[in-house]
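**Student:** Input structure: protein.cif, which contains mmCIF, C-alpha atoms and all ligand atoms.
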```
data_query
#
loop_
_atom_site.label_atom_id
_atom_site.label_comp_id
_atom_site.auth_asym_id
_atom_site.auth_seq_id
_atom_site.Cartn_x
_atom_site.Cartn_y
_atom_site.Cartn_z
CA MET A 988 -17.24 7.47 -13.68
CA LEU A 989 -15.11 4.85 -12.04
CA PHE A 990 -16.18 3.20 -8.77
CA ILE A 991 -13.75 1.31 -6.55
CA ALA A 992 -14.73 -0.09 -3.17
CA SER A 993 -11.85 -0.07 -0.67
CA PRO A 994 -12.06 -2.10 1.54
CA ASN A 995 -13.93 -4.18 -1.00
CA ASN A 996 -17.17 -6.05 -0.40
CA PRO A 997 -17.24 -9.09 -0.26
CA THR A 998 -13.48 -9.78 -0.34
CA GLY A 999 -12.59 -7.39 2.52
CA ASN A 1000 -9.25 -6.23 1.08
CA LEU A 1001 -8.00 -2.67 0.51
CA ALA A 1002 -7.17 -1.51 -3.01
CA SER A 1003 -3.39 -1.34 -3.41
CA ARG A 1004 -2.02 2.21 -3.30
CA ASP A 1005 0.27 1.68 -6.33
CA ARG A 1006 -2.50 0.39 -8.54
CA LEU A 1007 -4.86 3.16 -7.46
CA GLU A 1008 -2.27 5.83 -8.23
CA ARG A 1009 -1.67 4.39 -11.69
CA LEU A 1010 -5.41 4.21 -12.29
CA LEU A 1011 -6.00 7.81 -11.14
CA GLU A 1012 -3.17 9.03 -13.37
CA SER A 1013 -4.35 7.17 -16.45
CA ALA A 1014 -8.00 8.16 -15.95
CA SER A 1015 -7.39 11.84 -15.23
CA ASN A 1016 -10.47 12.91 -17.24
CA THR A 1017 -12.73 10.56 -15.28
CA VAL A 1018 -14.36 11.16 -11.92
CA CYS A 1019 -12.98 8.37 -9.74
CA VAL A 1020 -14.98 7.41 -6.67
CA ILE A 1021 -13.43 5.40 -3.88
CA ASP A 1022 -16.17 3.90 -1.74
CA GLU A 1023 -14.80 3.68 1.81
CA ALA A 1024 -17.94 2.23 3.44
CA TYR A 1025 -15.84 -0.17 5.57
CA ILE A 1026 -13.00 2.23 6.32
CA ASP A 1027 -13.57 2.19 10.11
CA TYR A 1028 -12.28 -1.41 10.17
CA ALA A 1029 -9.26 -0.77 7.94
CA HIS A 1030 -5.64 -0.01 8.80
CA THR A 1031 -5.33 2.78 6.25
CA THR A 1032 -7.38 5.14 4.08
CA HIS A 1033 -6.78 6.56 0.60
CA MET A 1034 -8.09 10.00 1.64
CA GLU A 1035 -4.66 11.64 1.27
CA LEU A 1036 -4.60 10.83 -2.47
CA ARG A 1037 -7.12 13.67 -2.81
CA LYS A 1038 -4.27 16.18 -2.43
CA ARG A 1039 -2.68 14.91 -5.65
CA PHE A 1040 -5.71 13.90 -7.71
CA PRO A 1041 -8.43 16.48 -8.38
CA ASN A 1042 -10.46 13.74 -10.14
CA LEU A 1043 -10.85 11.76 -6.90
CA VAL A 1044 -13.86 11.77 -4.57
CA ILE A 1045 -14.33 9.59 -1.50
CA LEU A 1046 -17.55 8.17 -0.08
CA ARG A 1047 -18.12 7.46 3.61
CA THR A 1048 -21.16 6.18 5.54
CA LEU A 1049 -22.37 5.58 9.09
CA SER A 1050 -24.06 2.36 7.93
CA LYS A 1051 -21.29 -0.09 8.82
CA ILE A 1052 -20.73 1.09 12.39
CA GLY A 1053 -24.24 0.46 13.69
CA PHE A 1054 -26.21 3.37 12.24
CA ALA A 1055 -27.55 2.07 8.92
CA ALA A 1056 -31.06 3.21 9.83
CA LEU A 1057 -29.91 6.85 10.04
CA ARG A 1058 -29.32 6.85 6.26
CA VAL A 1059 -26.37 9.24 6.53
CA GLY A 1060 -23.32 9.13 4.33
CA TRP A 1061 -21.12 11.78 2.75
CA LEU A 1062 -18.83 12.50 -0.11
CA VAL A 1063 -15.48 14.28 0.15
CA GLY A 1064 -14.26 15.94 -3.01
CA PRO A 1065 -13.12 19.13 -4.75
CA ARG A 1066 -15.38 22.13 -4.16
CA ALA A 1067 -16.06 22.70 -7.86
CA LEU A 1068 -17.43 19.19 -8.26
CA LEU A 1069 -19.50 19.35 -5.06
CA GLN A 1070 -21.10 22.57 -6.31
CA GLU A 1071 -22.25 20.72 -9.43
CA ILE A 1072 -23.71 17.89 -7.35
CA ASP A 1073 -25.53 20.43 -5.20
CA LYS A 1074 -27.39 21.63 -8.29
CA VAL A 1075 -29.11 18.26 -8.70
CA ARG A 1076 -29.47 17.41 -5.01
CA GLN A 1077 -33.09 17.28 -3.83
CA PRO A 1078 -34.03 20.03 -1.34
CA TYR A 1079 -34.00 18.65 2.23
CA ASN A 1080 -32.54 15.34 1.00
CA LEU A 1081 -31.28 14.69 4.52
CA ALA A 1082 -33.74 15.09 7.44
CA SER A 1083 -32.44 17.59 9.99
CA LEU A 1084 -33.02 15.16 12.88
CA ASN A 1085 -30.84 12.56 11.15
CA GLN A 1086 -28.19 15.22 10.52
CA GLU A 1087 -28.20 16.12 14.20
CA LEU A 1088 -27.95 12.44 15.25
CA ALA A 1089 -25.12 11.92 12.76
CA ARG A 1090 -23.30 14.89 14.31
CA LEU A 1091 -23.61 13.18 17.73
CA VAL A 1092 -22.27 9.92 16.29
CA VAL A 1093 -19.08 11.54 14.95
CA THR A 1094 -18.52 13.76 18.02
CA GLU A 1095 -19.78 12.73 21.48
CA LEU A 1096 -20.39 9.06 20.65
CA SER A 1097 -17.14 8.68 18.77
CA PRO A 1098 -15.09 7.19 21.69
CA LEU A 1099 -17.79 4.55 22.29
CA ILE A 1100 -17.87 3.67 18.61
CA SER A 1101 -14.08 3.42 18.43
CA GLU A 1102 -14.23 0.94 21.31
CA HIS A 1103 -16.83 -1.13 19.46
CA VAL A 1104 -14.80 -1.02 16.24
CA TYR A 1105 -11.68 -2.07 18.15
CA ASP A 1106 -13.59 -5.05 19.63
CA VAL A 1107 -14.81 -6.11 16.18
CA ILE A 1108 -11.28 -5.89 14.77
CA SER A 1109 -9.81 -8.02 17.56
CA GLU A 1110 -12.61 -10.59 17.18
CA ARG A 1111 -11.99 -10.58 13.42
CA GLU A 1112 -8.32 -11.45 13.96
CA ARG A 1113 -9.25 -14.19 16.46
CA LEU A 1114 -11.85 -15.65 14.05
CA LEU A 1115 -9.39 -15.52 11.16
CA GLU A 1116 -6.86 -17.55 13.10
CA GLN A 1117 -9.41 -20.08 14.32
CA ILE A 1118 -11.07 -20.64 10.93
CA GLN A 1119 -7.63 -20.88 9.34
CA GLY A 1120 -6.86 -23.66 11.82
CA LEU A 1121 -9.80 -25.79 10.64
CA ASP A 1122 -9.34 -28.39 7.92
CA GLY A 1123 -10.89 -27.35 4.61
CA TYR A 1124 -10.96 -23.58 5.19
CA ALA A 1125 -8.74 -20.76 3.98
CA VAL A 1126 -9.22 -17.11 4.95
CA THR A 1127 -7.66 -14.00 3.41
CA PRO A 1128 -6.70 -11.02 5.61
CA SER A 1129 -9.57 -8.57 6.02
CA ASP A 1130 -9.79 -4.80 6.49
CA ALA A 1131 -13.59 -4.95 6.93
CA ASN A 1132 -16.02 -6.32 9.54
CA PHE A 1133 -16.35 -9.66 7.75
CA LEU A 1134 -14.11 -12.46 6.53
CA TRP A 1135 -13.88 -13.90 3.02
CA VAL A 1136 -13.64 -17.63 3.50
CA LYS A 1137 -12.74 -20.27 0.92
CA THR A 1138 -14.23 -23.70 1.60
CA SER A 1139 -12.93 -26.96 0.17
CA ARG A 1140 -16.43 -28.45 0.35
CA PRO A 1141 -19.15 -26.65 -1.68
CA ALA A 1142 -20.09 -23.44 0.15
CA GLN A 1143 -23.76 -24.35 -0.27
CA SER A 1144 -23.51 -27.36 2.05
CA ILE A 1145 -21.59 -25.41 4.71
CA HIS A 1146 -24.13 -22.59 4.45
CA ALA A 1147 -27.02 -25.07 4.88
CA HIS A 1148 -25.39 -26.72 7.89
CA LEU A 1149 -24.74 -23.36 9.60
CA ARG A 1150 -28.28 -22.26 8.83
CA SER A 1151 -29.75 -25.41 10.39
CA LYS A 1152 -27.92 -24.38 13.59
CA GLY A 1153 -29.28 -20.84 13.49
CA ILE A 1154 -26.18 -19.16 12.00
CA LEU A 1155 -26.65 -17.07 8.89
CA VAL A 1156 -23.67 -16.28 6.66
CA ARG A 1157 -23.56 -15.13 3.07
CA SER A 1158 -22.87 -17.82 0.47
CA PHE A 1159 -21.95 -17.02 -3.10
CA HIS A 1160 -22.54 -20.51 -4.51
CA GLU A 1161 -25.38 -19.34 -6.77
CA ARG A 1162 -22.91 -17.23 -8.75
CA GLY A 1163 -20.98 -20.41 -9.58
CA GLY A 1164 -17.39 -20.50 -10.91
CA ARG A 1165 -14.75 -19.42 -8.42
CA LEU A 1166 -17.47 -18.15 -6.08
CA ALA A 1167 -19.00 -21.63 -5.59
CA ASN A 1168 -16.63 -22.20 -2.69
CA GLN A 1169 -16.77 -18.82 -0.96
CA LEU A 1170 -18.54 -17.58 2.14
CA ARG A 1171 -18.65 -14.08 3.59
CA ILE A 1172 -18.86 -14.30 7.35
CA THR A 1173 -19.67 -11.17 9.35
CA VAL A 1174 -17.87 -10.86 12.68
CA GLY A 1175 -20.33 -11.31 15.55
CA THR A 1176 -20.12 -11.02 19.32
CA PRO A 1177 -17.49 -13.20 21.07
CA SER A 1178 -20.10 -15.85 22.01
CA GLN A 1179 -21.58 -15.88 18.49
CA ASN A 1180 -18.08 -16.31 17.08
CA ASP A 1181 -17.35 -19.17 19.49
CA ARG A 1182 -20.53 -20.90 18.37
CA LEU A 1183 -19.61 -20.37 14.71
CA ILE A 1184 -16.24 -22.05 15.22
CA GLU A 1185 -17.92 -24.93 17.07
CA VAL A 1186 -20.39 -25.54 14.22
CA LEU A 1187 -17.77 -25.06 11.47
CA ALA A 1188 -15.60 -27.65 13.22
CA GLU A 1189 -18.43 -30.20 12.73
CA THR A 1190 -18.08 -29.78 8.95
CA GLN A 1191 -14.36 -30.66 8.75
C1 LIG M 1 -22.94 -0.67 2.91
C2 LIG M 1 -22.22 -0.19 1.74
C3 LIG M 1 -22.39 1.13 1.29
C4 LIG M 1 -23.24 2.17 1.95
O1 LIG M 1 -24.53 1.87 2.20
P1 LIG M 1 -25.53 2.99 2.72
O2 LIG M 1 -26.29 2.30 3.80
O3 LIG M 1 -26.36 3.35 1.55
O4 LIG M 1 -24.70 4.14 3.23
C5 LIG M 1 -21.66 1.54 0.19
N1 LIG M 1 -20.83 0.69 -0.45
C6 LIG M 1 -20.64 -0.56 -0.05
C7 LIG M 1 -19.66 -1.43 -0.79
C8 LIG M 1 -21.33 -1.07 1.05
O5 LIG M 1 -21.14 -2.33 1.45
#
```
Just give me the structure of the file as structure tokens.
Ligand SMILES: *Cc1c(COP(=O)(O)O)cnc(C)c1O

**Tutor:**
Amino acid sequence: MLFIASPNNPTGNLASRDRLERLLESASNTVCVIDEAYIDYAHTTHMELRKRFPNLVILRTLSKIGFAALRVGWLVGPRALLQEIDKVRQPYNLASLNQELARLVVTELSPLISEHVYDVISERERLLEQIQGLDGYAVTPSDANFLWVKTSRPAQSIHAHLRSKGILVRSFHERGGRLANQLRITVGTPSQNDRLIEVLAETQ
């Protein structure tokens, strides 16, 4: 099996359509899984590739739009494959209450969630611009609810400074190499984001 996260964690970018198509063609005997956990924050989905590639399945989840504790996600794929998965699925693997709540999330609550997602996306774009404007920081465009930030100083020291001010971001310095200067910063509320910029500015 082949797993591809799109948008990817922690870089936040979508897989390119061309490369995916070439991959799906050349791996036609392989089940290819595109993990779209962050799709709500993205400008496009690869769902339509399913029409052309019977070896493609797509994963979705409610976890990244505020409902991680529901433990509900789903897989979209060809019926024949889903029937095989059903054979090994545990009975009652998804509590009926959680199923009912998940139904509410994707129906009645959906306008509220779209509003929240829209707010996160506009804050993400504002944060991107502001971090980009600081000396010693470079940010790549994101299709997720976080930013992938390159720091000219070691990420570890930036992480420690932010932490001392009560701001927790994800640092990848322990992995070393190219990751020693990378932070993943999750988009917060407008006031949290303002505070982040304020504290980052102290590290310039
Ligand atoms: C969060 C996440 C998931 C889904 O997590 P669940 O809570 O188990 O639904 C899947 N893939 C990636 C890359 C994620 O970041």

**Student:** Distance table requested - chain A against ligand LIG 1 (chain M), cut-off 7 Å, only C-alpha atoms and all ligand atoms: one row per qualifying residue with the closest atom pair and its distance in Å to one decimal, ordered by chain and rising residue number, as a tab-separated table.

**Tutor:**
```
residue	atom	partner	partner_atom	distance
A:Ala992	CA	M:LIG1	C7	5.6
A:Asn995	CA	M:LIG1	C7	6.4
A:Asn996	CA	M:LIG1	C7	5.3
A:Asp1022	CA	M:LIG1	N1	5.8
A:Ala1024	CA	M:LIG1	C5	5.0
A:Thr1048	CA	M:LIG1	O4	4.7
A:Leu1049	CA	M:LIG1	O4	6.5
A:Ser1050	CA	M:LIG1	O2	4.7
A:Lys1051	CA	M:LIG1	C1	6.2
A:Ala1055	CA	M:LIG1	O2	5.3
A:Arg1058	CA	M:LIG1	O2	6.0
A:Val1059	CA	M:LIG1	O4	6.3
A:Gly1060	CA	M:LIG1	O4	5.3
```

**Student:** Can you pull out the residues contacting range 1096-1109 of chain A? Cut-off 7 Å, using all atoms listed in the file, and skip same-chain residues under 4 positions away; I want them as a ChimeraX atom specification.

**Tutor:** /A:1028,1091-1092,1113,1132,1174

**Student:** Name all residues at most 12 Å from Leu1081 in chain A (count all atoms listed in the file; drop same-chain ones fewer than 4 positions away) and give them as a list in words.

**Tutor:**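 Non-adjacent residues within range: Leu1057, Arg1058, Val1059, Gly1060, Trp1061, Arg1076, Gln1077, Asn1085, Gln1086, Glu1087, Leu1088 and Ala1089 of chain A.
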
**Student:** Mind pulling up the distance from CA of Leu1062 in chain A to CA of Arg1004 in chain A?

**Tutor:**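 Taking CA of Arg1004 in chain A as the start and CA of Leu1062 in chain A as the end point, the length is 20.0 Å.
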
**Student:** Out of A:Arg1090, A:Ala1029, A:Asp1005, A:Val1063, which residue has the shortest atom-to-atom distance to Pro1128 in chain A when counting only C-alpha atoms?

**Tutor:**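 Distance minimum relative to Pro1128 in chain A lands on A:Ala1029.
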
**Student:** At a cut-off of 12 Å, using all atoms listed in the file, what residues contact Ala1067 in chain A? Leave out same-chain residues fewer than 4 positions from it and give the result as a ChimeraX atom specification.

**Tutor:** /A:1041-1042,1044,1063,1071-1074

**Student:** What is the CA of Leu1170 in chain A to CA of Ser993 in chain A distance in Å?

**Tutor:**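 So the answer is 19.0 Å.
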
**Student:** Return the single residue from A:Phe1159, A:Leu989, A:Ile1145, A:Glu1185 that is closest to Ser1013 in chain A, with distances computed using all atoms listed in the file.

**Tutor:**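 Under the stated criterion, the closest residue is A:Leu989.
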
**Student:** Which residue out of A:Leu1134, A:Asn1000, A:Glu1189, A:Gln1179 has the minimum interatomic distance to Gln1119 in chain A when only C-alpha atoms are used?

**Tutor:**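 Under the stated criterion, the closest residue is A:Leu1134.
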
**Student:** Report as a list in words all protein, DNA and RNA residues lying within 12 Å of Lys1152 in chain A, evaluated on all atoms listed in the file, omitting residues in the same chain fewer than 2 positions from it.

**Tutor:**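 Final neighbour list, sorted by chain and number: Ile1145, His1146, Ala1147, His1148, Leu1149, Arg1150, Ile1154, Leu1155, Val1156, Gln1179, Arg1182, Leu1183, Glu1185, Val1186, Leu1187 and Glu1189 of chain A.
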
**Student:** With distances taken over all atoms listed in the file, which residue among A:Gln1070, A:Ala1188, A:Gly1163, A:Asn1180 lies nearest Gly1123 in chain A?

**Tutor:** A:Ala1188

**Student:** All heavy atoms are needed for range 1040-1051 of chain A; please write them out as a PDB file, in the frame of the given file.

**Tutor:**
```
ATOM      1  N   PHE A1040      -4.830  14.234  -6.590  1.00  0.00           N
ATOM      2  CA  PHE A1040      -5.710  13.900  -7.710  1.00  0.00           C
ATOM      3  C   PHE A1040      -7.052  14.631  -7.620  1.00  0.00           C
ATOM      4  O   PHE A1040      -7.930  14.245  -6.855  1.00  0.00           O
ATOM      5  CB  PHE A1040      -5.936  12.381  -7.757  1.00  0.00           C
ATOM      6  CG  PHE A1040      -4.680  11.606  -7.999  1.00  0.00           C
ATOM      7  CD1 PHE A1040      -4.008  10.996  -6.949  1.00  0.00           C
ATOM      8  CD2 PHE A1040      -4.137  11.505  -9.276  1.00  0.00           C
ATOM      9  CE1 PHE A1040      -2.838  10.292  -7.168  1.00  0.00           C
ATOM     10  CE2 PHE A1040      -2.969  10.805  -9.506  1.00  0.00           C
ATOM     11  CZ  PHE A1040      -2.312  10.197  -8.448  1.00  0.00           C
ATOM     12  N   PRO A1041      -7.184  15.710  -8.428  1.00  0.00           N
ATOM     13  CA  PRO A1041      -8.430  16.480  -8.380  1.00  0.00           C
ATOM     14  C   PRO A1041      -9.624  15.710  -8.954  1.00  0.00           C
ATOM     15  O   PRO A1041     -10.757  16.155  -8.814  1.00  0.00           O
ATOM     16  CB  PRO A1041      -8.118  17.725  -9.220  1.00  0.00           C
ATOM     17  CG  PRO A1041      -6.955  17.350 -10.063  1.00  0.00           C
ATOM     18  CD  PRO A1041      -6.197  16.278  -9.336  1.00  0.00           C
ATOM     19  N   ASN A1042      -9.368  14.551  -9.584  1.00  0.00           N
ATOM     20  CA  ASN A1042     -10.460  13.740 -10.140  1.00  0.00           C
ATOM     21  C   ASN A1042     -10.977  12.702  -9.146  1.00  0.00           C
ATOM     22  O   ASN A1042     -11.787  11.861  -9.494  1.00  0.00           O
ATOM     23  CB  ASN A1042     -10.023  13.052 -11.443  1.00  0.00           C
ATOM     24  CG  ASN A1042      -8.769  12.192 -11.265  1.00  0.00           C
ATOM     25  OD1 ASN A1042      -7.907  12.509 -10.455  1.00  0.00           O
ATOM     26  ND2 ASN A1042      -8.675  11.115 -12.024  1.00  0.00           N
ATOM     27  N   LEU A1043     -10.482  12.786  -7.889  1.00  0.00           N
ATOM     28  CA  LEU A1043     -10.850  11.760  -6.900  1.00  0.00           C
ATOM     29  C   LEU A1043     -11.878  12.279  -5.893  1.00  0.00           C
ATOM     30  O   LEU A1043     -11.732  13.365  -5.338  1.00  0.00           O
ATOM     31  CB  LEU A1043      -9.586  11.317  -6.143  1.00  0.00           C
ATOM     32  CG  LEU A1043      -9.795  10.364  -4.964  1.00  0.00           C
ATOM     33  CD1 LEU A1043     -10.410   9.049  -5.410  1.00  0.00           C
ATOM     34  CD2 LEU A1043      -8.477  10.109  -4.239  1.00  0.00           C
ATOM     35  N   VAL A1044     -12.934  11.485  -5.670  1.00  0.00           N
ATOM     36  CA  VAL A1044     -13.860  11.770  -4.570  1.00  0.00           C
ATOM     37  C   VAL A1044     -13.979  10.509  -3.704  1.00  0.00           C
ATOM     38  O   VAL A1044     -13.776   9.395  -4.182  1.00  0.00           O
ATOM     39  CB  VAL A1044     -15.264  12.220  -5.046  1.00  0.00           C
ATOM     40  CG1 VAL A1044     -15.172  13.462  -5.898  1.00  0.00           C
ATOM     41  CG2 VAL A1044     -15.990  11.120  -5.780  1.00  0.00           C
ATOM     42  N   ILE A1045     -14.280  10.722  -2.440  1.00  0.00           N
ATOM     43  CA  ILE A1045     -14.330   9.590  -1.500  1.00  0.00           C
ATOM     44  C   ILE A1045     -15.675   9.553  -0.782  1.00  0.00           C
ATOM     45  O   ILE A1045     -16.169  10.583  -0.315  1.00  0.00           O
ATOM     46  CB  ILE A1045     -13.149   9.675  -0.506  1.00  0.00           C
ATOM     47  CG1 ILE A1045     -11.854   9.529  -1.311  1.00  0.00           C
ATOM     48  CG2 ILE A1045     -13.285   8.606   0.591  1.00  0.00           C
ATOM     49  CD1 ILE A1045     -10.641   9.108  -0.581  1.00  0.00           C
ATOM     50  N   LEU A1046     -16.266   8.369  -0.746  1.00  0.00           N
ATOM     51  CA  LEU A1046     -17.550   8.170  -0.080  1.00  0.00           C
ATOM     52  C   LEU A1046     -17.354   7.541   1.294  1.00  0.00           C
ATOM     53  O   LEU A1046     -16.546   6.631   1.450  1.00  0.00           O
ATOM     54  CB  LEU A1046     -18.432   7.217  -0.899  1.00  0.00           C
ATOM     55  CG  LEU A1046     -19.085   7.722  -2.169  1.00  0.00           C
ATOM     56  CD1 LEU A1046     -19.805   6.568  -2.865  1.00  0.00           C
ATOM     57  CD2 LEU A1046     -20.069   8.830  -1.851  1.00  0.00           C
ATOM     58  N   ARG A1047     -18.112   8.029   2.256  1.00  0.00           N
ATOM     59  CA  ARG A1047     -18.120   7.460   3.610  1.00  0.00           C
ATOM     60  C   ARG A1047     -19.575   7.253   4.030  1.00  0.00           C
ATOM     61  O   ARG A1047     -20.473   7.868   3.472  1.00  0.00           O
ATOM     62  CB  ARG A1047     -17.433   8.411   4.602  1.00  0.00           C
ATOM     63  CG  ARG A1047     -15.932   8.614   4.339  1.00  0.00           C
ATOM     64  CD  ARG A1047     -15.135   7.484   4.947  1.00  0.00           C
ATOM     65  NE  ARG A1047     -13.706   7.577   4.660  1.00  0.00           N
ATOM     66  CZ  ARG A1047     -12.809   8.138   5.470  1.00  0.00           C
ATOM     67  NH1 ARG A1047     -13.193   8.718   6.597  1.00  0.00           N
ATOM     68  NH2 ARG A1047     -11.533   8.131   5.170  1.00  0.00           N
ATOM     69  N   THR A1048     -19.797   6.431   5.056  1.00  0.00           N
ATOM     70  CA  THR A1048     -21.160   6.180   5.540  1.00  0.00           C
ATOM     71  C   THR A1048     -21.136   5.841   7.023  1.00  0.00           C
ATOM     72  O   THR A1048     -20.098   5.404   7.537  1.00  0.00           O
ATOM     73  CB  THR A1048     -21.812   5.008   4.752  1.00  0.00           C
ATOM     74  OG1 THR A1048     -23.129   4.776   5.245  1.00  0.00           O
ATOM     75  CG2 THR A1048     -21.022   3.713   4.883  1.00  0.00           C
ATOM     76  N   LEU A1049     -22.246   6.039   7.696  1.00  0.00           N
ATOM     77  CA  LEU A1049     -22.370   5.580   9.090  1.00  0.00           C
ATOM     78  C   LEU A1049     -22.969   4.178   9.144  1.00  0.00           C
ATOM     79  O   LEU A1049     -23.134   3.609  10.215  1.00  0.00           O
ATOM     80  CB  LEU A1049     -23.243   6.550   9.901  1.00  0.00           C
ATOM     81  CG  LEU A1049     -22.713   7.972  10.068  1.00  0.00           C
ATOM     82  CD1 LEU A1049     -23.662   8.786  10.949  1.00  0.00           C
ATOM     83  CD2 LEU A1049     -21.315   7.968  10.686  1.00  0.00           C
ATOM     84  N   SER A1050     -23.286   3.616   7.977  1.00  0.00           N
ATOM     85  CA  SER A1050     -24.060   2.360   7.930  1.00  0.00           C
ATOM     86  C   SER A1050     -23.324   1.148   8.482  1.00  0.00           C
ATOM     87  O   SER A1050     -23.956   0.211   8.934  1.00  0.00           O
ATOM     88  CB  SER A1050     -24.485   2.063   6.499  1.00  0.00           C
ATOM     89  OG  SER A1050     -25.481   2.969   6.110  1.00  0.00           O
ATOM     90  N   LYS A1051     -21.996   1.129   8.438  1.00  0.00           N
ATOM     91  CA  LYS A1051     -21.290  -0.090   8.820  1.00  0.00           C
ATOM     92  C   LYS A1051     -20.780  -0.045  10.253  1.00  0.00           C
ATOM     93  O   LYS A1051     -20.075  -0.944  10.699  1.00  0.00           O
ATOM     94  CB  LYS A1051     -20.140  -0.371   7.838  1.00  0.00           C
ATOM     95  CG  LYS A1051     -20.624  -0.496   6.397  1.00  0.00           C
ATOM     96  CD  LYS A1051     -21.559  -1.688   6.193  1.00  0.00           C
ATOM     97  CE  LYS A1051     -22.557  -1.529   5.067  1.00  0.00           C
ATOM     98  NZ  LYS A1051     -22.023  -1.483   3.743  1.00  0.00           N
TER      99      LYS A1051
END
```
